[in-house]
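Novice: Following this line is structure-v2.csv, made up of CSV, C-alpha atoms and all ligand atoms:
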chain,number,residue,atom,x,y,z
A,27,MET,CA,158.5,69.3,97.9
A,28,ILE,CA,161.6,67.9,96.1
A,29,THR,CA,161.4,65.4,93.3
A,30,GLY,CA,164.0,63.8,91.1
A,31,THR,CA,163.6,61.9,87.9
A,32,GLY,CA,166.2,59.7,86.2
A,33,VAL,CA,169.1,61.1,88.4
A,34,VAL,CA,172.4,59.8,87.2
A,35,LYS,CA,175.9,60.3,88.8
A,36,THR,CA,179.2,58.9,87.7
A,37,PHE,CA,182.4,59.4,89.6
A,38,LYS,CA,185.9,59.1,88.0
A,39,GLN,CA,188.2,57.3,90.4
A,40,ARG,CA,192.0,57.2,90.1
A,41,GLY,CA,194.2,54.7,91.8
A,42,LYS,CA,197.9,53.8,91.4
A,43,MET,CA,197.1,50.1,90.8
A,44,LEU,CA,193.8,50.3,88.9
A,45,GLY,CA,194.4,53.5,86.8
A,46,ALA,CA,191.3,55.6,86.1
A,47,ARG,CA,187.9,54.0,86.3
A,48,GLU,CA,184.3,55.1,86.4
A,49,VAL,CA,181.9,54.4,89.2
A,50,ARG,CA,178.3,54.5,88.4
A,51,ALA,CA,177.0,55.7,91.7
A,52,LEU,CA,173.4,56.5,90.6
A,53,ARG,CA,171.9,54.9,87.5
A,54,GLY,CA,168.6,56.8,87.0
A,55,VAL,CA,166.9,57.3,90.3
A,56,ASP,CA,163.4,58.7,90.8
A,57,PHE,CA,162.2,60.1,94.2
A,58,ALA,CA,159.6,62.4,95.6
A,59,ILE,CA,159.7,63.8,99.2
A,60,PRO,CA,156.7,65.9,100.1
A,61,LYS,CA,156.8,69.0,102.3
A,62,GLY,CA,156.8,68.0,106.0
A,63,GLY,CA,157.0,64.3,104.9
A,64,ALA,CA,159.6,61.7,105.5
A,65,ALA,CA,161.6,59.3,103.4
A,66,SER,CA,164.4,56.8,104.1
A,67,PHE,CA,167.1,55.4,101.8
A,68,ILE,CA,168.5,52.0,102.8
A,69,GLY,CA,170.9,49.7,101.0
A,70,GLU,CA,174.3,48.2,101.4
A,71,SER,CA,177.5,50.2,101.7
A,72,GLY,CA,178.4,51.7,98.4
A,73,CYS,CA,174.9,51.5,96.9
A,74,GLY,CA,174.8,55.3,96.4
A,75,LYS,CA,172.7,56.5,99.4
A,76,THR,CA,175.0,59.2,100.5
A,77,THR,CA,175.6,60.4,96.9
A,78,LEU,CA,171.9,60.8,96.4
A,79,GLY,CA,171.5,62.6,99.8
A,80,ARG,CA,174.3,65.0,98.9
A,81,ILE,CA,172.7,65.7,95.5
A,82,ILE,CA,169.4,66.4,97.2
A,83,ALA,CA,171.2,68.7,99.6
A,84,GLY,CA,172.9,70.5,96.7
A,85,LEU,CA,176.4,69.4,97.9
A,86,GLU,CA,177.0,67.3,94.8
A,87,ASP,CA,176.1,67.9,91.2
A,88,TYR,CA,174.3,65.3,89.1
A,89,ASP,CA,175.1,64.3,85.5
A,90,GLU,CA,171.7,63.6,84.1
A,91,GLY,CA,168.1,63.7,85.1
A,92,GLU,CA,165.9,66.4,86.6
A,93,ILE,CA,165.5,67.7,90.2
A,94,LEU,CA,162.6,70.0,91.0
A,95,ILE,CA,162.5,72.0,94.3
A,96,ASP,CA,159.0,73.4,94.9
A,97,GLY,CA,158.4,73.0,91.2
A,98,VAL,CA,161.5,74.8,90.1
A,99,SER,CA,163.9,72.8,87.9
A,100,MET,CA,167.5,72.9,89.1
A,101,SER,CA,169.0,71.7,85.8
A,102,PRO,CA,169.1,75.1,83.9
A,103,LEU,CA,170.3,77.1,86.9
A,104,THR,CA,173.9,78.1,87.7
A,105,PRO,CA,175.3,77.1,91.1
A,106,LYS,CA,174.6,80.6,92.4
A,107,GLN,CA,171.0,80.5,91.2
A,108,ARG,CA,170.5,77.1,92.8
A,109,HIS,CA,171.8,78.2,96.1
A,110,PRO,CA,168.6,79.7,97.6
A,111,HIS,CA,166.7,76.6,96.6
A,112,PHE,CA,169.1,74.1,98.1
A,113,ARG,CA,169.5,76.3,101.2
A,114,LYS,CA,166.1,75.0,102.2
A,115,ILE,CA,167.7,71.5,102.5
A,116,GLN,CA,170.3,71.0,105.2
A,117,MET,CA,172.5,67.9,105.7
A,118,ILE,CA,173.3,66.4,109.0
A,119,HIS,CA,176.5,64.2,108.7
A,120,GLN,CA,177.3,61.1,110.6
A,121,ASP,CA,180.3,62.5,112.4
A,122,PRO,CA,179.3,65.5,114.5
A,123,TYR,CA,182.9,66.0,115.7
A,124,SER,CA,184.4,66.6,112.3
A,125,ALA,CA,181.3,68.7,111.3
A,126,LEU,CA,182.1,71.3,114.0
A,127,ASN,CA,185.2,73.5,114.0
A,128,PRO,CA,187.1,72.5,117.2
A,129,THR,CA,188.6,76.0,117.6
A,130,ARG,CA,185.2,77.7,117.8
A,131,THR,CA,182.8,77.9,120.7
A,132,ILE,CA,179.2,76.9,120.0
A,133,HIS,CA,178.3,80.6,120.1
A,134,GLN,CA,180.8,81.3,117.3
A,135,THR,CA,179.6,78.3,115.4
A,136,LEU,CA,176.0,79.6,115.4
A,137,TYR,CA,176.9,83.3,115.0
A,138,ALA,CA,178.3,83.0,111.5
A,139,PRO,CA,175.2,81.6,109.8
A,140,LEU,CA,172.9,83.7,111.9
A,141,SER,CA,174.6,87.0,111.2
A,142,LEU,CA,174.4,86.2,107.5
A,143,ARG,CA,170.7,85.4,107.9
A,144,ALA,CA,170.2,88.6,109.9
A,145,ARG,CA,171.8,90.6,107.0
A,146,GLN,CA,169.7,88.8,104.4
A,147,THR,CA,166.4,89.4,106.2
A,148,GLY,CA,167.1,92.9,107.6
A,149,ARG,CA,167.0,91.8,111.2
A,150,PRO,CA,168.8,93.7,114.0
A,151,GLY,CA,172.1,92.4,115.6
A,152,SER,CA,170.2,91.6,118.8
A,153,TRP,CA,168.2,88.9,117.0
A,154,ILE,CA,171.3,86.8,116.4
A,155,ASP,CA,171.8,85.9,120.1
A,156,GLU,CA,168.1,85.5,120.6
A,157,ARG,CA,167.9,83.1,117.7
A,158,ALA,CA,171.0,81.2,118.8
A,159,ALA,CA,169.4,80.5,122.2
A,160,GLU,CA,166.1,79.6,120.4
A,161,VAL,CA,167.7,77.0,118.1
A,162,LEU,CA,169.6,75.4,121.0
A,163,SER,CA,166.5,75.1,123.0
A,164,LEU,CA,164.7,73.6,120.0
A,165,VAL,CA,167.3,70.8,120.0
A,166,GLY,CA,167.0,70.3,123.8
A,167,LEU,CA,170.2,72.1,124.9
A,168,ASP,CA,170.5,74.7,127.6
A,169,PRO,CA,171.9,77.8,125.8
A,170,GLY,CA,173.4,79.1,129.1
A,171,THR,CA,175.5,76.0,129.5
A,172,VAL,CA,176.4,75.2,125.9
A,173,LEU,CA,177.1,78.6,124.2
A,174,SER,CA,180.5,79.2,125.7
A,175,ARG,CA,181.7,75.6,125.3
A,176,TYR,CA,184.0,74.1,122.6
A,177,PRO,CA,182.9,70.9,120.8
A,178,HIS,CA,185.3,68.7,122.7
A,179,GLN,CA,183.6,69.8,126.0
A,180,LEU,CA,180.3,68.2,124.8
A,181,SER,CA,179.2,64.6,124.5
A,182,GLY,CA,178.7,63.1,121.0
A,183,GLY,CA,174.9,63.4,121.4
A,184,MET,CA,175.2,67.1,122.4
A,185,ARG,CA,177.5,67.7,119.4
A,186,GLN,CA,175.0,66.2,117.0
A,187,ARG,CA,172.3,68.4,118.6
A,188,VAL,CA,174.5,71.5,117.9
A,189,VAL,CA,175.0,70.3,114.3
A,190,ILE,CA,171.2,70.1,114.0
A,191,ALA,CA,170.8,73.5,115.7
A,192,ARG,CA,173.2,75.0,113.2
A,193,ALA,CA,171.1,73.5,110.4
A,194,LEU,CA,168.0,75.2,111.9
A,195,THR,CA,169.6,78.6,111.7
A,196,VAL,CA,168.7,78.9,108.1
A,197,ASP,CA,165.0,77.8,108.7
A,198,PRO,CA,165.3,74.7,106.5
A,199,GLU,CA,162.3,72.9,105.0
A,200,MET,CA,164.1,69.6,105.0
A,201,LEU,CA,166.9,67.8,106.9
A,202,VAL,CA,168.9,65.1,105.3
A,203,ALA,CA,170.2,62.9,108.1
A,204,ASP,CA,173.0,60.7,106.8
A,205,GLU,CA,173.7,57.9,109.3
A,206,ALA,CA,173.1,60.7,111.8
A,207,VAL,CA,173.3,58.4,114.8
A,208,SER,CA,175.9,55.8,113.7
A,209,MET,CA,178.9,57.5,115.4
A,210,ILE,CA,177.0,58.4,118.6
A,211,ASP,CA,177.0,56.3,121.8
A,212,VAL,CA,174.2,53.7,121.6
A,213,SER,CA,172.6,55.1,124.8
A,214,LEU,CA,172.2,58.6,123.2
A,215,ARG,CA,171.0,57.5,119.7
A,216,LEU,CA,167.3,57.2,120.6
A,217,GLY,CA,167.4,60.8,121.9
A,218,ILE,CA,168.7,62.1,118.5
A,219,LEU,CA,166.1,60.1,116.6
A,220,ALA,CA,163.3,61.3,118.9
A,221,LEU,CA,164.6,64.9,118.3
A,222,LEU,CA,164.3,64.5,114.5
A,223,LYS,CA,160.8,63.1,114.9
A,224,ASP,CA,159.9,65.9,117.2
A,225,LEU,CA,161.3,68.6,114.8
A,226,ARG,CA,159.1,67.1,112.0
A,227,GLU,CA,156.1,67.5,114.2
A,228,ARG,CA,156.9,70.9,115.7
A,229,LEU,CA,158.5,72.7,112.8
A,230,GLY,CA,157.0,70.8,109.9
A,231,VAL,CA,160.4,70.1,108.4
A,232,SER,CA,160.7,67.0,106.3
A,233,VAL,CA,163.4,64.5,107.1
A,234,LEU,CA,165.3,62.3,104.7
A,235,PHE,CA,166.9,59.5,106.6
A,236,ILE,CA,169.9,57.7,105.1
A,237,THR,CA,170.7,54.5,107.0
A,238,HIS,CA,171.8,50.9,107.0
A,239,ASP,CA,169.3,50.2,109.7
A,240,VAL,CA,165.7,49.8,108.8
A,241,ALA,CA,164.5,50.1,112.4
A,242,THR,CA,165.7,53.7,112.6
A,243,ALA,CA,164.1,54.4,109.2
A,244,ARG,CA,160.9,53.1,110.6
A,245,TYR,CA,161.1,55.1,113.8
A,246,VAL,CA,161.7,58.5,112.3
A,247,GLY,CA,159.8,58.2,109.0
A,248,ASP,CA,157.0,55.8,109.9
A,249,ASP,CA,154.6,57.7,107.7
A,250,GLY,CA,157.0,58.1,104.8
A,251,GLU,CA,158.4,56.0,102.0
A,252,LEU,CA,161.2,53.6,102.2
A,253,TYR,CA,163.5,53.5,99.2
A,254,VAL,CA,165.6,50.4,98.8
A,255,ILE,CA,168.7,51.2,96.8
A,256,TYR,CA,170.9,48.6,95.1
A,257,ARG,CA,173.9,49.6,93.0
A,258,GLY,CA,172.6,53.0,92.2
A,259,GLN,CA,169.1,51.9,91.4
A,260,VAL,CA,165.9,52.1,93.5
A,261,VAL,CA,164.8,48.5,93.4
A,262,GLU,CA,161.8,48.9,95.6
A,263,ARG,CA,159.9,51.8,97.1
A,264,GLY,CA,156.8,52.2,99.2
A,265,PRO,CA,155.3,53.0,102.6
A,266,VAL,CA,157.8,51.9,105.3
A,267,ASP,CA,155.6,49.5,107.0
A,268,THR,CA,154.3,47.9,103.7
A,269,VAL,CA,157.8,47.4,102.4
A,270,ILE,CA,159.0,45.9,105.7
A,271,ALA,CA,156.0,43.6,106.1
A,272,ASP,CA,155.7,42.6,102.4
A,273,PRO,CA,159.0,43.1,100.6
A,274,VAL,CA,158.4,42.3,96.9
A,275,HIS,CA,161.9,42.4,95.5
A,276,PRO,CA,164.3,39.6,96.4
A,277,TYR,CA,167.0,42.1,97.3
A,278,THR,CA,164.7,43.8,99.8
A,279,GLN,CA,163.9,40.4,101.2
A,280,SER,CA,167.6,39.6,101.4
A,281,LEU,CA,168.2,42.9,103.2
A,282,LEU,CA,165.3,42.5,105.6
A,283,SER,CA,166.0,38.9,106.4
A,284,ALA,CA,168.8,40.1,108.6
A,285,ILE,CA,166.1,41.4,111.0
A,286,PRO,CA,163.6,38.6,111.3
A,287,VAL,CA,161.7,40.3,114.1
A,288,LEU,CA,160.7,43.1,111.8
A,289,HIS,CA,160.3,40.9,108.8
A,290,GLY,CA,158.3,38.2,110.6
A,291,LEU,CA,160.4,35.3,109.3
A,292,GLU,CA,160.9,32.3,111.4
A,293,GLU,CA,163.0,30.0,109.1
A,294,PRO,CA,166.4,30.9,107.7
A,295,GLY,CA,166.5,31.2,103.9
A,296,GLU,CA,168.0,28.5,101.6
A,297,GLN,CA,168.8,30.7,98.7
A,298,PRO,CA,172.1,32.5,99.1
A,299,VAL,CA,172.8,35.5,96.9
A,300,THR,CA,176.1,36.1,95.1
A,301,PRO,CA,178.3,38.6,97.0
A,302,LEU,CA,178.4,42.2,95.7
A,303,GLU,CA,182.2,42.2,95.3
A,304,SER,CA,182.1,39.6,92.6
A,305,LEU,CA,180.2,41.9,90.2
A,306,ASP,CA,182.0,44.2,87.9
A,307,GLU,CA,181.3,47.9,87.4
A,308,SER,CA,181.0,47.6,83.6
A,309,GLN,CA,177.6,45.8,84.0
A,310,SER,CA,175.0,47.6,81.9
A,311,ASP,CA,172.1,49.4,83.3
A,312,GLU,CA,169.7,47.1,81.4
A,313,GLY,CA,167.3,45.0,83.4
A,314,CYS,CA,167.4,44.4,87.1
A,315,LEU,CA,170.9,45.0,88.5
A,316,PHE,CA,170.3,42.4,91.2
A,317,ALA,CA,169.6,39.7,88.6
A,318,ARG,CA,173.1,38.4,88.6
A,319,ARG,CA,173.0,37.9,92.4
A,320,CYS,CA,169.4,36.8,92.5
A,321,PRO,CA,168.5,33.1,93.1
A,322,PHE,CA,165.1,33.6,91.4
A,323,ARG,CA,166.3,35.4,88.2
A,324,GLY,CA,164.5,34.7,85.0
A,325,GLU,CA,165.5,35.6,81.4
A,326,ARG,CA,163.4,38.7,81.5
A,327,CYS,CA,165.2,40.1,84.6
A,328,THR,CA,168.3,40.8,82.5
A,329,THR,CA,166.5,43.0,80.0
A,330,GLU,CA,163.7,44.6,82.0
A,331,ARG,CA,164.0,46.8,85.0
A,332,PRO,CA,161.2,46.2,87.6
A,333,LEU,CA,159.4,49.3,88.8
A,334,LEU,CA,158.5,48.2,92.3
A,335,HIS,CA,156.7,51.3,93.6
A,336,VAL,CA,154.0,50.3,96.0
A,337,PHE,CA,151.6,53.1,96.6
A,338,SER,CA,150.4,54.1,99.9
A,339,PRO,CA,146.6,53.9,100.4
A,340,ARG,CA,146.9,57.6,101.4
A,341,GLU,CA,148.0,58.5,97.9
A,342,ASN,CA,145.7,59.4,95.1
A,343,THR,CA,143.6,56.4,94.1
A,344,ASN,CA,143.6,57.6,90.4
A,345,ARG,CA,147.3,56.6,90.3
A,346,HIS,CA,146.2,53.1,91.3
A,347,SER,CA,143.5,53.0,88.7
A,348,THR,CA,145.9,54.0,86.0
A,349,ILE,CA,147.7,50.7,86.7
A,350,GLY,CA,144.5,48.7,87.0
A,351,LEU,CA,144.4,48.4,90.7
A,352,GLU,CA,141.7,49.0,93.3
A,353,ALA,CA,142.8,51.1,96.2
A,354,ASP,CA,142.3,48.3,98.6
A,355,GLU,CA,144.8,46.1,96.7
A,356,VAL,CA,147.5,48.6,97.3
A,357,GLY,CA,150.5,47.3,99.1
A,358,LEU,CA,150.2,43.9,97.5
A,359,ARG,CA,150.8,44.9,93.9
A,360,THR,CA,153.3,46.9,92.1
A,361,GLU,CA,153.3,49.4,89.3
A,362,GLY,CA,153.9,48.7,85.7
A,363,VAL,CA,155.1,45.1,86.0
A,364,PRO,CA,153.0,42.3,84.4
A,365,GLN,CA,151.8,40.0,87.1
A,366,GLU,CA,152.8,36.8,85.3
A,367,HIS,CA,156.5,37.7,85.8
A,368,ALA,CA,157.0,35.4,88.7
A,369,CYS,CA,160.4,36.8,89.5
A,370,PHE,CA,159.1,40.3,89.8
A,371,TYR,CA,156.3,39.0,92.0
A,372,PRO,CA,158.0,36.4,94.1
A,373,ALA,CA,156.1,34.8,96.8
A,374,ARG,CA,157.4,35.9,100.2
A,375,ARG,CA,160.7,34.0,100.5
A,376,ASN,CA,163.6,34.0,102.8
A,377,VAL,CA,166.6,35.2,100.9
A,378,ILE,CA,169.7,35.2,103.0
A,379,ALA,CA,173.0,36.7,101.8
A,380,ARG,CA,175.9,34.2,102.3
A,381,PRO,CA,178.5,35.7,104.7
A,382,MET,CA,181.6,37.0,102.9
A,383,SER,CA,183.8,34.8,104.9
A,384,GLU,CA,182.1,31.7,103.5
A,385,VAL,CA,182.3,32.7,99.9
B,401,LIG,N1,183.7,61.7,95.6
B,401,LIG,C1,183.8,60.5,95.1
B,401,LIG,N2,184.7,60.2,94.2
B,401,LIG,C2,184.8,59.0,93.7
B,401,LIG,N3,183.9,58.0,94.0
B,401,LIG,C3,182.9,58.2,94.9
B,401,LIG,C4,182.8,59.5,95.5
B,401,LIG,N4,181.8,59.5,96.3
B,401,LIG,C5,181.2,58.2,96.3
B,401,LIG,N5,181.9,57.5,95.4
B,401,LIG,C6,181.7,56.1,95.0
B,401,LIG,O1,180.3,56.0,94.6
B,401,LIG,C7,179.7,54.8,95.1
B,401,LIG,C8,178.5,55.2,96.0
B,401,LIG,O2,179.0,55.8,97.2
B,401,LIG,P1,178.1,56.3,98.4
B,401,LIG,O3,179.0,56.9,99.4
B,401,LIG,O4,177.0,57.2,97.8
B,401,LIG,O5,177.4,55.0,98.9
B,401,LIG,P2,176.7,54.7,100.3
B,401,LIG,O6,175.6,53.8,99.9
B,401,LIG,O7,176.3,56.0,100.9
B,401,LIG,O8,177.8,53.9,101.1
B,401,LIG,P3,178.1,54.0,102.7
B,401,LIG,O9,176.9,53.5,103.4
B,401,LIG,O10,179.3,53.2,102.9
B,401,LIG,O11,178.3,55.5,103.0
B,401,LIG,C9,180.8,54.1,95.8
B,401,LIG,O12,181.3,53.1,94.9
B,401,LIG,C10,181.8,55.1,96.2
B,401,LIG,O13,183.1,54.6,96.2
Go through the file and emit its structure as structure tokens.
Specialist:
Amino acid sequence: MITGTGVVKTFKQRGKMLGAREVRALRGVDFAIPKGGAASFIGESGCGKTTLGRIIAGLEDYDEGEILIDGVSMSPLTPKQRHPHFRKIQMIHQDPYSALNPTRTIHQTLYAPLSLRARQTGRPGSWIDERAAEVLSLVGLDPGTVLSRYPHQLSGGMRQRVVIARALTVDPEMLVADEAVSMIDVSLRLGILALLKDLRERLGVSVLFITHDVATARYVGDDGELYVIYRGQVVERGPVDTVIADPVHPYTQSLLSAIPVLHGLEEPGEQPVTPLESLDESQSDEGCLFARRCPFRGERCTTERPLLHVFSPRENTNRHSTIGLEADEVGLRTEGVPQEHACFYPARRNVIARPMSEV
């Protein structure tokens, strides 16, 4: 189980034209991904999905907030002390070609982490080749064919399978798949998604899916939570199907209106939102960050941040009763937000972002 509370990350960027500037990549994000469970992060490019995924995988440090892995807080630990905890979480990047060393055969690629693992766990040298064959079989590759090959001798889909096999060498509890199929031939994508789904079922690994595409999030993590991220804030969170069927936040509605088949919308929307580029970075964290783009904003939206966490009926009903809801109401109401706030409880509307070319 990995949980995060109030995770903040700011990058300092330097450019010849702009000088130094700060980018608030994450502005206080909460998340919880249970053991064996699934979660998906969606949002526009630059919203902070990858940064959050990298922090969860221990590849990036965070500035503020708290991350617990199996109940252990990472904040007071040194990088060396954090390492065995973050080792349980392995990241699958979008480009399988650059993730693999082109000068190494697949055998050599798998040998390095497996020999380390053998030393750590006191296993004999013979275990290394056995396990290499085992992890390749787990990802649907024939060890006899693949082990002696170089990455360029494999298809994109096979390369991504090798990357997943390499992640499995350390017996991870969670895979963070960052746009893991976006650079793979369309015909091979479903195979990789099916593999991730299969690994969840067979090995009990949890999968965090980072994607632009809600359909893939729904396919791999259909029993998990969908996090909709906007400019470093989670604007809405809940069971994948609930959020897709009944998006509460106008930004989620805007995002989903691009896929009317999933969203169930027949008519195009009439409320264009302001494009992202016209907003400046110095905007304060107060209120809902989407307010300036939102056609439904009210005064309150600029001072209060909505907490749109829709609980799953599978979750503890006590949590619902603490916010005054009956379990069967779940999915229609949200936590901590007074109902009279019409903007935070918009009727289901069609919100279509105006194309950049028309702005
Ligand atoms: N190492 C870095 N140094 C400086 N700025 C960074 C760095 N990594 C990310 N950023 C900035 O942080 C913000 C969030 O980036 P991030 O890559 O997390 O977004 P994203 O939602 O994953 O986007 P995409 O879908 O395009 O990958 C962006 O403005 C990005 O330019």
Novice: So which one's closest to ligand LIG 401 (chain B), A:Arg331, A:Arg226, A:Lys75, A:Lys61? Using all atoms listed in the file, please.
Specialist: A:Lys75
Novice: Which residue, A:Gly32, A:Pro122, A:Pro321, A:Gly79, has the smallest gap to Gln279 in chain A when you use all atoms listed in the file?
Specialist: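 Residue with the minimum atom-to-atom distance to Gln279 in chain A: A:Pro321.
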Novice: Measuring between all atoms listed in the file, which one of A:Val172, A:Gly313, A:Gly74, A:Gly247 shows the shortest distance to Thr328 in chain A?
Specialist: A:Gly313
Novice: Using all atoms listed in the file, which protein or nucleic acid residues come within 7 Å of Lys38 in chain A? Drop anything in the same chain fewer than 2 positions from it, and give the result as a PyMOL selection string.
Specialist: chain A and resi 36+40+46-49
Novice: Can you write out the residues you just picked, keeping C-alpha atoms, as a short mmCIF file (atom, residue, chain, number, x, y, z; two decimals), keeping the file's coordinate frame?
Specialist:
data_model
loop_
_atom_site.label_atom_id
_atom_site.label_comp_id
_atom_site.auth_asym_id
_atom_site.auth_seq_id
_atom_site.Cartn_x
_atom_site.Cartn_y
_atom_site.Cartn_z
CA THR A 36 179.20 58.90 87.70
CA ARG A 40 192.00 57.20 90.10
CA ALA A 46 191.30 55.60 86.10
CA ARG A 47 187.90 54.00 86.30
CA GLU A 48 184.30 55.10 86.40
CA VAL A 49 181.90 54.40 89.20
#
Novice: Excluding range 177-186 of chain A and any residue of its chain fewer than 6 positions from it, enumerate the residues within 10 Å of it, using all atoms listed in the file, and give them as JSON, numbers by chain.
Specialist: {"A": [118, 119, 120, 121, 122, 123, 124, 125, 126, 127, 128, 129, 130, 131, 132, 135, 165, 166, 167, 192, 206, 207, 209, 210, 211, 212, 213, 214, 215, 216, 217, 218]}
Novice: Measuring atom to atom with all atoms listed in the file, identify which of A:Arg319, A:His238, A:Arg108, A:Arg175 is nearest to ligand LIG 401 (chain B).
Specialist: A:His238
Novice: Can you tell me which residues come within 9 Å of ligand LIG 401 (chain B) when counting all atoms listed in the file, ideally as a short mmCIF file (atom, residue, chain, number, x, y, z; two decimals) with C-alpha atoms, in the frame of the given file?
Specialist:
data_model
loop_
_atom_site.label_atom_id
_atom_site.label_comp_id
_atom_site.auth_asym_id
_atom_site.auth_seq_id
_atom_site.Cartn_x
_atom_site.Cartn_y
_atom_site.Cartn_z
CA LYS A 35 175.90 60.30 88.80
CA THR A 36 179.20 58.90 87.70
CA PHE A 37 182.40 59.40 89.60
CA LYS A 38 185.90 59.10 88.00
CA GLN A 39 188.20 57.30 90.40
CA ARG A 40 192.00 57.20 90.10
CA GLU A 48 184.30 55.10 86.40
CA VAL A 49 181.90 54.40 89.20
CA ARG A 50 178.30 54.50 88.40
CA ALA A 51 177.00 55.70 91.70
CA LEU A 52 173.40 56.50 90.60
CA PHE A 67 167.10 55.40 101.80
CA ILE A 68 168.50 52.00 102.80
CA GLY A 69 170.90 49.70 101.00
CA GLU A 70 174.30 48.20 101.40
CA SER A 71 177.50 50.20 101.70
CA GLY A 72 178.40 51.70 98.40
CA CYS A 73 174.90 51.50 96.90
CA GLY A 74 174.80 55.30 96.40
CA LYS A 75 172.70 56.50 99.40
CA THR A 76 175.00 59.20 100.50
CA THR A 77 175.60 60.40 96.90
CA LEU A 78 171.90 60.80 96.40
CA GLY A 79 171.50 62.60 99.80
CA ARG A 80 174.30 65.00 98.90
CA GLU A 86 177.00 67.30 94.80
CA ASP A 204 173.00 60.70 106.80
CA GLU A 205 173.70 57.90 109.30
CA ILE A 236 169.90 57.70 105.10
CA THR A 237 170.70 54.50 107.00
CA HIS A 238 171.80 50.90 107.00
CA ILE A 255 168.70 51.20 96.80
CA TYR A 256 170.90 48.60 95.10
CA ARG A 257 173.90 49.60 93.00
CA GLY A 258 172.60 53.00 92.20
#
Novice: Just the number, please: distance in Å from CA of Phe235 in chain A to CA of Ala65 in chain A, one decimal.
Specialist: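 We find that CA of Phe235 in chain A and CA of Ala65 in chain A lie 6.2 Å from each other.
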Novice: For a quick check of understanding, using all atoms listed in the file, which of A:Gly170, A:Arg53, A:Ile190, A:Val33 has the smallest distance to Ser310 in chain A?
Specialist: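 Counting all atoms listed in the file, the residue closest to Ser310 in chain A is A:Arg53.
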Novice: From the options A:Gln134, A:Thr242, A:Gln259, A:Thr195, which residue's atoms come nearest to Lys114 in chain A, counting all atoms listed in the file?
Specialist: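 Looking only at the distances to Lys114 in chain A, the closest residue turns out to be A:Thr195.
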Novice: Would you work out the distance separating CA of Lys223 in chain A from CA of Asp96 in chain A, expressed in Å to one decimal?
Specialist: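 The value is 22.6 Å.
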Novice: Near Trp153 in chain A, within 10 Å and counting all atoms listed in the file, which residues show up once chain neighbours fewer than 4 positions away are dropped, as a VMD selection string?
Specialist: chain A and resid 140 to 141 144 149 157 to 159
Novice: Measure the distance from CA of Tyr277 in chain A to CA of Asp56 in chain A in Å and round it to one decimal.
Specialist: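 Atom-to-atom, CA of Tyr277 in chain A and CA of Asp56 in chain A are spaced 18.2 Å apart.
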